[in-house]
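Notes to accompany the following structure.
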2 protein chains.
Amino acid sequence: MNVRPTLDSVAAYAKVSRQTVSNALNAPHLLHPDTLSRVQLAIERTNYRPLRAARSLRTSRSQLVGVGLQPAGDGVNGYVLDRFLHGLTEAAGDAGYHVLLFNAAGDSKEIQAYDDILATQNLDAFVLTSTHYGDRRTAWLAERDLPFVTFGRPWGTAAGHSWVDVDGAAGTREVTTNLLAAGHRRIAFVGWPDGSGVGDDRRDGWQSAMTAAGLPIGGLRLQREDGAANGRSAAEELLRAGEPATAVVCASDSLALGVFDLLGPSRRPGGNPVPVVGFDDTPVADALGLTSLAQPLAEAASECMRLLLDLLEPKPDTAAQPAHVLLAPHLVVRATGAGPVTSPADPATQKGAPQ
Amino acid sequence: MNVRPTLDSVAAYAKVSRQTVSNALNAPHLLHPDTLSRVQLAIERTNYRPLRAARSLRTSRSQLVGVGLQPAGDGVNGYVLDRFLHGLTEAAGDAGYHVLLFNAAGDSKEIQAYDDILATQNLDAFVLTSTHYGDRRTAWLAERDLPFVTFGRPWGTAAGHSWVDVDGAAGTREVTTNLLAAGHRRIAFVGWPDGSGVGDDRRDGWQSAMTAAGLPIGGLRLQREDGAANGRSAAEELLRAGEPATAVVCASDSLALGVFDLLGPSRRPGGNPVPVVGFDDTPVADALGLTSLAQPLAEAASECMRLLLDLLEPKPDTAAQPAHVLLAPHLVVRATGAGPVTSPADPATQKGAPQ
DNA sequence: CACAACGATTGGATCGATAAAATAGCCTGA
DNA sequence: TCAGGCTATTTTATCGATCCAATCGTTGTG
């Protein structure tokens with residue numbers, strides 16, 4: 001039964017003072033090279049590692065990053081955040097940090113949770129997810145000079161803080177452009193009701209690609225709350241339209257699933273399957289062979305951690321400015337889903353010169 | 001700019017000694033009622049809460065529970081564990097604990113991670129997930145007398161520790177019995193290859209229900225690695241069989257999805273849809289209207305926390321024995337999926353007396 | 001009336017680290 | 001020669017809590 005080594009025990013072992021061992025770890029340049037290597041050997045031999053609680057008490061830093069979890073994660077959005085969380089745990093670990101979870105249901109409760117946890121734990125920083133219009137959390141944290149990074153850009157407010165986000169518009173623009181290049185002209189977008197930030201952004205990408213191609217969007221833009229059933233209802237509306245859409249881009253996999261159910265290959269055997277593109281590349285998309293735009297979540301997480309480190313351990317030469325990172329999603333084309341490169345059914349419009 | 005209150009500042013406010021304030025929090029029975037209420041008032045007025053780092057240094061307890069995360073969570077199994085994690089965070093919070101995440105890819109790396117983290121953090125306990133045959137983690141922790149609870153029973157080893165698990169066999173038995181009661185006789189089971197603990201358990205429930213009904217299982221039991229494509233291949237095999245199955249119970253939603261794709265209502269319009277039952281009630285099942293057995297994950301998490309508290313804060317009267325909790329999954333019947341209560345196609349075998 | 005027993009409260013030591021100040025040794029130059 | 005500066009290392013103080021032993025006042029007892 002061997003006890004934990006402490007600074008003192010290592011110091012005795014190396015025949016130096018406690019502080020010298022501490023310096024070997026935190027300020028090695030202060031030591032004479034010979035002393036340094038002797039102390040390092042002692043540290044290795046005794047397998048010493050400083051106790052965080054003691055260090056934290058003295059320095060009021062903990063190497064902990066707080067993340068608030070929504071208690072009832074809805075399936076699909078939950079998927080994205082959970083993958084992000086996995087990535088963050090990994091990125092944090094690489095930087096010598098750990099992730100501490102706490103409950104947060106809604107802005108005000110999350111702020112309450114910050115308050116609680118800060119009173120008892122020395123958290124070094126926070127990572128926020130699911131930013132939205134009227135988000136009160138960022139202002140609260142900024143007022144108190146607490147370091148934080150958001151995964152999600154600050155919708156509707158000036159960006160006084162660092163953030164990482166995925167460029168949804170770029171994704172939908174790219175996939176729409178692909179479809180246009182494949183000859184599609186009537187490309188619909190099934191999105192969420194206005195005002196959701198993320199949803200508006202994803203719609204804008206589609207819209208700008210259509211407009212750039214000089215195509216009208218009248219009747220092609222549908223709005224539904226998220227969910228497969230609502231996607232189905234949107235597909236029905238599209239089917240009722242005079243001139244049907246030949247491809248559909250969606251704001252989420254859930255909506256895409258519903259659309260796919262009515263317009264995809266399974267329901268129209270022998271007919272002309274309509275390419276349907278989802279967003280987030282969830283297991284649902286994978287299971288159904290649905291083409292989808294994937295967020296680079298692991299990368300987003302490591303970027304968050306990088307920006308956080310810029311705040312927490314600023315390089316001496318660079319001033320710690322809030323920084324922003326916008327990552328591009330990438331398209332996951334799935335075979336069974338009759339991916340977006342499929343040409344439209346009508347040969348007349350096929351492979352025509354754009355515009 | 002007000003500073004954090006400390007024991008000393010509260011003591012000064014209440015005109016007592018530091019230790020008395022400490023006792024008011026940790027051993028209130030030692031104080032005179034008048035003093036107690038005076039100190040409590042002071043604590044409230046100053047909004048004092050003890051700093052964990054300082055307390056942890058002295059008591060070597062941290063109110064932290066460690067959970068290892070698999071870095072690359074596969075979609076479906078990841079879903080279950082992530083929901084469990086949400087529940088655990090909530091349950092821990094209710095008990096005054098927090099969840100600390102760390103990376104763990106595979107047993108040996110997870111053990112390595114334990115070692116690392118214990119050297120620097122005073123973790124009070126661990127919660128392990130995904131127990132399996134030949135799991136080396138539990139023995140490692142037990143050898144060092146570290147408190148822990150597993151979500152997942154100890155497959156193949158004696159249970160020297162507390163655990164919580166979901167009774168997969170009970171779930172498949174129940175659903176199979178339901179199907180039998182509805183008149184089905186040829187009920188297939190599509191499961192994983194032998195030796196996976198969880199998979200064997202889920203198969204056993206189906207098998208025991210079939211055997212209890214005096215029905216043969218020859219040709220009805222298929223084994224596939226997890227995945228929708230493999231489920232599809234299993235369904236093909238079932239279709240090739242001389243006497244087709246009239247219902248299928250699966251070890252996972254992924255397998256069920258594949259089976260459903262070939263045997264469900266979508267592919268056999270006008271035909272006789274075969275009831276297909278999945279396991280875990282993932283978003284995939286929800287999206288497709290697939291009937292599935294849901295694990296009570298929030299409950300499992302709170303039970304884990306309860307057992308952990310029994311270890312960490314043992315009641316004086318009860319000896320801290322390792323305890324086991326086996327929770328029953330519940331069936332989520334979905335309408336579109338032509339749930340398991342559907343009668344088989346052949347009227348001859350319909351609603352006959354069991355056996 | 002001295003003294004033990006007890007309840008309520010206090011003061012010092014301690015947990016294990018880092019910050020800040022002090023010291024010891026060595027070198028340089030007026 | 002000796003003040004002053006530099007480097008390498010040690011000493012002392014401190015972070016904010018709890019543990020433990022000591023103290024103080026009150027009461028009961030022989």
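Ligands are numbered from 1 in the order shown, residues from 1 within each chain, and chains are lettered A, B, ... in the order they appear in the structure tokens.
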
Name the residues in contact with Asn230 (chain A) at a cut-off of 8 Å, using only C-alpha atoms (C1' of nucleotides), excluding same-chain residues fewer than 6 positions from it; report them as a ChimeraX atom specification.
/A:224,255,258

Enumerate as a PyMOL selection string the residues belonging to chain C that approach chain A to within 12 Å, with only C-alpha atoms (C1' of nucleotides) taken into account.
chain C and resi 15-20

Give me, as a PyMOL selection string, all polymer residues having an atom no more than 10 Å from region 22-27 of chain D, counting only C-alpha atoms (C1' of nucleotides) and skipping those fewer than 6 positions away in the same chain.
chain C and resi 5-12

What lies within 12 Å of Leu81 (chain A) using only C-alpha atoms (C1' of nucleotides), ignoring chain neighbours under 2 positions off, as a ChimeraX atom specification?
/A:67-70,73-79,83-88,127-131,151-152,280,282,295-298,300-301 /B:79,82-83,86

May I have the residues within 12 Å of DA4 (chain C) as a ChimeraX atom specification, using only C-alpha atoms (C1' of nucleotides) and disregarding those fewer than 3 positions away in the same chain?
/D:27-30

Chain D contacts to chain A at 9 Å (only C-alpha atoms (C1' of nucleotides)) as a ChimeraX atom specification
/D:7-10,14-16

Separating CA of Thr89 (chain B) from CA of Asn122 (chain A), to the nearest tenth of an Å, is a gap of 18.6 Å

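Here CA of His184 (chain B) is placed at a distance of 25.3 Å from CA of Val198 (chain B).
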
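Comparing B:Leu257, B:Ile187, B:Ala212, B:Ala285 by their smallest distance to Leu238 (chain B), the closest is B:Ile187 (using only C-alpha atoms).
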
May I ask for the distance between C1' of DC3 (chain C) and CA of His29 (chain B), given in Å to one decimal place?
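CA of His29 (chain B) lies 27.7 Å from C1' of DC3 (chain C).
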
Skipping near chain neighbours, those fewer than 3 positions away, what residues fall within 7 Å of Leu293 (chain A) using only C-alpha atoms (C1' of nucleotides), listed as a compact mmCIF listing (two decimals) with C-alpha atoms, in the first residue's frame?
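Output file around-v2.txt is given in full below:
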```
# COMPACT_ATOMS: atom_id res chain seq x y z
CA GLY A 171 -23.82 23.48 -47.36
CA GLY A 278 -31.22 16.08 -45.34
CA PHE A 279 -29.06 17.88 -42.82
CA ASP A 280 -26.87 16.61 -39.95
CA ASP A 281 -26.15 13.14 -41.25
CA PRO A 329 -20.33 20.93 -43.81
CA HIS A 330 -19.70 18.15 -46.27
CA LEU A 331 -22.16 16.21 -48.33
CA VAL A 332 -22.60 12.53 -47.62
```

Residues at most 9 Å from Val39 (chain B), counting only C-alpha atoms (C1' of nucleotides), excluding those fewer than 4 positions away in the same chain, as a list in words?
Val10, Ala11, Tyr13, Ala14, Lys15, Val16, Thr20, Val21, Ala24, Asp34, Thr35, Ile43 and Glu44 of chain B

Convert the current residue selection to file output with C-alpha atoms, as a tab-separated table (two decimals), in the first residue's frame.
```tsv
chain	number	residue	atom	x	y	z
B	10	VAL	CA	-18.98	34.41	7.26
B	11	ALA	CA	-17.63	33.74	10.74
B	13	TYR	CA	-20.26	38.34	9.99
B	14	ALA	CA	-21.91	35.99	12.44
B	15	LYS	CA	-19.46	36.80	15.23
B	16	VAL	CA	-18.46	33.22	15.77
B	20	THR	CA	-18.57	26.99	14.13
B	21	VAL	CA	-19.62	27.98	10.64
B	24	ALA	CA	-23.25	24.59	11.01
B	34	ASP	CA	-29.72	29.83	18.64
B	35	THR	CA	-26.19	29.86	17.32
B	43	ILE	CA	-24.55	32.01	5.44
B	44	GLU	CA	-27.65	32.99	3.59
```

Closest of B:Leu36, B:Val276, B:Ala170, B:Val80 to chain A - atom-to-atom distances counting only C-alpha atoms
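Going through B:Leu36, B:Val276, B:Ala170, B:Val80 one by one, the smallest distance to chain A is for B:Val80.
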
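Remark: for chain B, the closest of the candidate residues A:Asp310, A:Glu299, A:Glu225, A:Asp261 is A:Asp261 (distances computed over only C-alpha atoms).
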
Which of region 242-292 of chain A counts as strand (DSSP E or B) under DSSP, as JSON, numbers by chain please?
{"A": [247, 248, 249, 250, 276, 277, 278, 279, 291, 292]}

Pick from A:Arg136, A:Arg45, A:Arg186, A:Arg232: nearest to chain B, with only C-alpha atoms counted?
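Smallest separation from chain B among the options: A:Arg232.
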
DSSP helix (DSSP H, G or I) residues within region 54-155 of chain B, as a VMD selection string:
chain B and resid 54 to 59 75 to 94 107 to 120 137 to 143

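Among the candidates B:Leu118, B:Ala241, B:Leu215, B:Ala235, the residue lying nearest to chain A is B:Leu118 (atoms considered: only C-alpha atoms).
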
Choose the residue, out of B:Val259, B:Leu25, B:Leu327, B:Ala12, that has the smallest atom-to-atom separation from Ser37 (chain B); count only C-alpha atoms.
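Checking each of B:Val259, B:Leu25, B:Leu327, B:Ala12 against Ser37 (chain B), counting only C-alpha atoms, the winner is B:Leu25.
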